[in-house]
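Chemist: Before anything else, here's the structure in question.
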Amino acid sequence: QVQLVESGGGLVQAGGSLRLSCAASGRTFSSYAMGWFRQAPGKEREFVGAISRSGGNTYYADSARARFTISRDNAKNTMYLQMNSLKPEDTAVYYCAARFLPPSDTNVPVVPKHYNYWGRGTQVTVSS
């Protein structure tokens, strides 16, 4: 089992940057594919991006590609989301999620129901 805690959210002007972190408990962080999702008021939770167990594979939603970068440091049990050129439509609660995968599996799940563990989220607000 793994517990996830997001941090780094806040208020930023359009065009600015934020770096979110997702800290995981436990000693098997490298056994989990990790993902970032977001949910704006009145909208469904949507995929932002994901990273494989080793960090070798990443995948992004079209809305995030070219502006956001996901990375992980397995030695620190932490995943990151670097967000640049932020837009007001990026305003949402951002969640990190984890899915246990066997060593041979390099997938990066993109559907919320494929993740087993979730953090409580961190608010990102982008002002125009």
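Residues are named by chain letter and number: chains run A, B, ... in the order of the structure tokens, numbers start at 1 in each chain, and ligands are numbered from 1 in the order shown.
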So that I can see what lies close to Asn107 of chain A, please list as an MDAnalysis selection string the residues with an atom at most 9 Å from it, counting only C-alpha atoms and leaving out residues fewer than 3 positions away in the same chain.
Modeler: chainID A and resid 33 51:53 57:58 101
Chemist: Would you save the residues of that selection, restricted to N, CA, C and O atoms, as an mmCIF file, in the first residue's frame?
Modeler:
data_model
loop_
_atom_site.group_PDB
_atom_site.id
_atom_site.type_symbol
_atom_site.label_atom_id
_atom_site.label_comp_id
_atom_site.auth_asym_id
_atom_site.auth_seq_id
_atom_site.Cartn_x
_atom_site.Cartn_y
_atom_site.Cartn_z
ATOM 1 N N ALA A 33 3.532 2.703 -11.362
ATOM 2 C CA ALA A 33 3.351 3.743 -12.367
ATOM 3 C C ALA A 33 2.591 4.885 -11.692
ATOM 4 O O ALA A 33 1.748 4.645 -10.824
ATOM 5 N N ILE A 51 3.669 8.587 -15.830
ATOM 6 C CA ILE A 51 5.064 8.180 -15.967
ATOM 7 C C ILE A 51 5.202 6.736 -15.520
ATOM 8 O O ILE A 51 4.566 6.303 -14.560
ATOM 9 N N SER A 52 6.037 5.993 -16.224
ATOM 10 C CA SER A 52 6.224 4.577 -15.915
ATOM 11 C C SER A 52 7.027 4.386 -14.639
ATOM 12 O O SER A 52 7.575 5.343 -14.065
ATOM 13 N N ARG A 53 7.139 3.139 -14.217
ATOM 14 C CA ARG A 53 7.848 2.809 -12.980
ATOM 15 C C ARG A 53 9.244 3.392 -12.929
ATOM 16 O O ARG A 53 9.670 3.949 -11.918
ATOM 17 N N ASN A 57 9.227 6.067 -19.532
ATOM 18 C CA ASN A 57 8.089 6.379 -20.421
ATOM 19 C C ASN A 57 7.190 7.417 -19.780
ATOM 20 O O ASN A 57 6.870 7.318 -18.593
ATOM 21 N N THR A 58 6.778 8.380 -20.584
ATOM 22 C CA THR A 58 5.804 9.369 -20.135
ATOM 23 C C THR A 58 4.742 9.535 -21.211
ATOM 24 O O THR A 58 4.989 9.240 -22.391
ATOM 25 N N LEU A 101 2.491 -2.089 -10.697
ATOM 26 C CA LEU A 101 2.707 -2.861 -11.912
ATOM 27 C C LEU A 101 3.902 -3.789 -11.729
ATOM 28 O O LEU A 101 4.840 -3.454 -11.017
#
Chemist: DSSP on the backbone, then: every residue of segment 62-124 of chain A marked strand (DSSP E or B), written as a PyMOL selection string.
Modeler: chain A and resi 68-73+78-83+92-100+117-118+122-124
Chemist: Just N, CA, C and O atoms for this one: save the residues we selected as a tab-separated table (two decimals), in the first residue's frame.
Modeler:
chain	number	residue	atom	x	y	z
A	68	PHE	N	3.74	20.95	-19.94
A	68	PHE	CA	3.95	20.27	-18.66
A	68	PHE	C	4.99	19.17	-18.83
A	68	PHE	O	5.09	18.54	-19.89
A	69	THR	N	5.71	18.91	-17.76
A	69	THR	CA	6.70	17.83	-17.76
A	69	THR	C	6.58	17.03	-16.46
A	69	THR	O	6.61	17.60	-15.37
A	70	ILE	N	6.45	15.72	-16.61
A	70	ILE	CA	6.39	14.83	-15.46
A	70	ILE	C	7.76	14.18	-15.29
A	70	ILE	O	8.39	13.75	-16.26
A	71	SER	N	8.17	14.07	-14.04
A	71	SER	CA	9.41	13.37	-13.73
A	71	SER	C	9.24	12.69	-12.38
A	71	SER	O	8.27	12.93	-11.66
A	72	ARG	N	10.16	11.83	-12.05
A	72	ARG	CA	10.13	11.16	-10.75
A	72	ARG	C	11.54	10.90	-10.28
A	72	ARG	O	12.47	10.73	-11.08
A	73	ASP	N	11.68	10.87	-8.97
A	73	ASP	CA	12.93	10.52	-8.32
A	73	ASP	C	12.63	9.36	-7.40
A	73	ASP	O	12.11	9.55	-6.29
A	78	THR	N	9.33	10.42	-4.86
A	78	THR	CA	8.61	11.64	-5.23
A	78	THR	C	8.46	11.74	-6.74
A	78	THR	O	9.38	11.42	-7.50
A	79	MET	N	7.27	12.19	-7.13
A	79	MET	CA	6.98	12.51	-8.53
A	79	MET	C	6.73	14.01	-8.63
A	79	MET	O	6.25	14.63	-7.67
A	80	TYR	N	7.03	14.55	-9.80
A	80	TYR	CA	6.88	16.00	-9.99
A	80	TYR	C	6.06	16.29	-11.24
A	80	TYR	O	6.01	15.49	-12.18
A	81	LEU	N	5.44	17.45	-11.23
A	81	LEU	CA	4.76	17.98	-12.41
A	81	LEU	C	5.18	19.43	-12.57
A	81	LEU	O	4.75	20.29	-11.80
A	82	GLN	N	6.04	19.68	-13.55
A	82	GLN	CA	6.45	21.04	-13.85
A	82	GLN	C	5.48	21.62	-14.86
A	82	GLN	O	5.31	21.06	-15.95
A	83	MET	N	4.83	22.69	-14.48
A	83	MET	CA	3.81	23.30	-15.34
A	83	MET	C	4.27	24.70	-15.74
A	83	MET	O	4.49	25.56	-14.88
A	92	ALA	N	-7.64	24.04	-11.39
A	92	ALA	CA	-8.27	22.79	-10.97
A	92	ALA	C	-7.58	22.30	-9.70
A	92	ALA	O	-6.54	22.83	-9.29
A	93	VAL	N	-8.17	21.27	-9.11
A	93	VAL	CA	-7.48	20.51	-8.08
A	93	VAL	C	-6.69	19.42	-8.79
A	93	VAL	O	-7.25	18.69	-9.61
A	94	TYR	N	-5.41	19.34	-8.50
A	94	TYR	CA	-4.53	18.37	-9.13
A	94	TYR	C	-4.27	17.21	-8.17
A	94	TYR	O	-3.91	17.43	-7.00
A	95	TYR	N	-4.45	16.01	-8.70
A	95	TYR	CA	-4.30	14.79	-7.92
A	95	TYR	C	-3.18	13.93	-8.50
A	95	TYR	O	-3.04	13.83	-9.72
A	96	CYS	N	-2.42	13.30	-7.62
A	96	CYS	CA	-1.52	12.26	-8.10
A	96	CYS	C	-2.10	10.90	-7.75
A	96	CYS	O	-2.89	10.76	-6.81
A	97	ALA	N	-1.73	9.91	-8.54
A	97	ALA	CA	-2.27	8.57	-8.38
A	97	ALA	C	-1.18	7.54	-8.67
A	97	ALA	O	-0.23	7.83	-9.40
A	98	ALA	N	-1.35	6.36	-8.09
A	98	ALA	CA	-0.37	5.30	-8.23
A	98	ALA	C	-1.05	3.99	-8.60
A	98	ALA	O	-2.15	3.69	-8.14
A	99	ARG	N	-0.36	3.23	-9.44
A	99	ARG	CA	-0.83	1.90	-9.80
A	99	ARG	C	0.34	0.92	-9.73
A	99	ARG	O	1.37	1.13	-10.38
A	100	PHE	N	0.17	-0.13	-8.97
A	100	PHE	CA	1.20	-1.15	-8.87
A	100	PHE	C	1.28	-1.92	-10.18
A	100	PHE	O	0.27	-2.35	-10.72
A	117	TYR	N	-4.38	4.02	-5.96
A	117	TYR	CA	-4.18	4.92	-4.83
A	117	TYR	C	-4.18	6.36	-5.31
A	117	TYR	O	-3.68	6.67	-6.39
A	118	TRP	N	-4.74	7.21	-4.46
A	118	TRP	CA	-4.89	8.62	-4.79
A	118	TRP	C	-4.49	9.50	-3.63
A	118	TRP	O	-4.70	9.16	-2.47
A	122	THR	N	-4.12	19.06	-4.62
A	122	THR	CA	-3.61	20.39	-4.32
A	122	THR	C	-4.23	21.37	-5.34
A	122	THR	O	-4.31	21.06	-6.53
A	123	GLN	N	-4.67	22.51	-4.83
A	123	GLN	CA	-5.37	23.47	-5.68
A	123	GLN	C	-4.39	24.29	-6.49
A	123	GLN	O	-3.43	24.85	-5.95
A	124	VAL	N	-4.67	24.40	-7.77
A	124	VAL	CA	-3.92	25.30	-8.67
A	124	VAL	C	-4.91	26.30	-9.24
A	124	VAL	O	-5.92	25.90	-9.83
Chemist: Just the residues within 7 Å of Ala50 of chain A, please, counting only C-alpha atoms, with nothing from its chain fewer than 6 positions along; format it as a list of chain:residue names.
Modeler: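 Listing them by chain and then by number gives A:Met34, A:Gly35, A:Trp36, A:Thr58, A:Tyr59, A:Tyr60, A:Val108, A:Pro109, A:Val110.
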Chemist: What does the file look like for those residues with N, CA, C and O atoms, as a compact mmCIF listing (two decimals), in the first residue's frame?
Modeler:
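Output contents, as saved in again00.txt:
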# COMPACT_ATOMS: atom_id res chain seq x y z
N MET A 34 2.88 6.09 -12.08
CA MET A 34 2.30 7.26 -11.43
C MET A 34 1.61 8.16 -12.45
O MET A 34 2.06 8.27 -13.60
N GLY A 35 0.57 8.82 -11.99
CA GLY A 35 -0.16 9.70 -12.89
C GLY A 35 -0.58 10.99 -12.20
O GLY A 35 -0.67 11.06 -10.98
N TRP A 36 -0.82 11.99 -13.01
CA TRP A 36 -1.40 13.25 -12.56
C TRP A 36 -2.77 13.42 -13.25
O TRP A 36 -2.89 13.22 -14.46
N THR A 58 6.78 8.38 -20.58
CA THR A 58 5.80 9.37 -20.13
C THR A 58 4.74 9.53 -21.21
O THR A 58 4.99 9.24 -22.39
N TYR A 59 3.60 9.98 -20.79
CA TYR A 59 2.51 10.22 -21.73
C TYR A 59 1.69 11.39 -21.21
O TYR A 59 1.46 11.49 -20.00
N TYR A 60 1.26 12.25 -22.12
CA TYR A 60 0.57 13.48 -21.72
C TYR A 60 -0.75 13.64 -22.46
O TYR A 60 -0.90 13.22 -23.61
N VAL A 108 1.92 3.21 -18.99
CA VAL A 108 1.57 4.41 -18.25
C VAL A 108 0.06 4.56 -18.33
O VAL A 108 -0.47 5.11 -19.29
N PRO A 109 -0.67 4.06 -17.35
CA PRO A 109 -2.14 4.12 -17.40
C PRO A 109 -2.66 5.55 -17.50
O PRO A 109 -2.09 6.46 -16.89
N VAL A 110 -3.72 5.72 -18.25
CA VAL A 110 -4.27 7.06 -18.46
C VAL A 110 -5.70 7.21 -17.97
O VAL A 110 -6.26 8.30 -18.02
Chemist: Would you give me, as a list in words, the residues in segment 85-118 of chain A that DSSP reads as helix (DSSP H, G or I)?
Modeler: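 Filtering segment 85-118 of chain A down to helix (DSSP H, G or I) leaves Pro88, Glu89, Asp90, Pro112, Lys113 and His114 of chain A.
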Chemist: Write a file of the just-selected residues containing C-alpha atoms, as a PDB file, in the first residue's frame.
Modeler:
ATOM      1  CA  PRO A  88      -6.729  30.088 -16.632  1.00  0.00           C
ATOM      2  CA  GLU A  89      -8.226  26.848 -17.950  1.00  0.00           C
ATOM      3  CA  ASP A  90      -5.551  24.932 -16.046  1.00  0.00           C
ATOM      4  CA  PRO A 112      -8.563   7.031 -13.451  1.00  0.00           C
ATOM      5  CA  LYS A 113     -10.100   3.632 -12.730  1.00  0.00           C
ATOM      6  CA  HIS A 114      -6.781   1.943 -13.515  1.00  0.00           C
TER       7      HIS A 114
END
Chemist: Identify which of the residues A:Ala23, A:Ser7, A:Thr106, A:Ser128 lies closest to Gly55 of chain A, counting only C-alpha atoms when measuring atom-to-atom distances.
Modeler: A:Thr106
Chemist: To one decimal in Å, tell me the separation between atom CA of Gly42 of chain A and atom CA of Gln13 of chain A.
Modeler: 22.3 Å
Chemist: Give me the residues near Ser30 of chain A as a PyMOL selection string, where near means some atom within 8 Å (using only C-alpha atoms) and where sequence neighbours in that chain fewer than 6 positions away do not count.
Modeler: chain A and resi 53-54+74+77
Chemist: In Å, how far is it from atom CA of Leu86 of chain A to atom CA of Asp62 of chain A?
Modeler: 14.2 Å
Chemist: Restricting the calculation to only C-alpha atoms: of A:Ser127, A:Asn84, A:Gly16, A:Tyr32, which residue gets closest to Asp105 of chain A?
Modeler: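 Selected residue with least distance to Asp105 of chain A: A:Tyr32.
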Chemist: Select, from A:Ser63, A:Ser104, A:Ser17, A:Thr91, the residue with the minimum atom-to-atom distance to Gly49 of chain A, counting only C-alpha atoms.
Modeler: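 The closest residue to Gly49 of chain A is A:Ser63.
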Chemist: Distance atom CA of Gln3 of chain A-atom CA of Arg19 of chain A, one decimal place?
Modeler: 19.9 Å
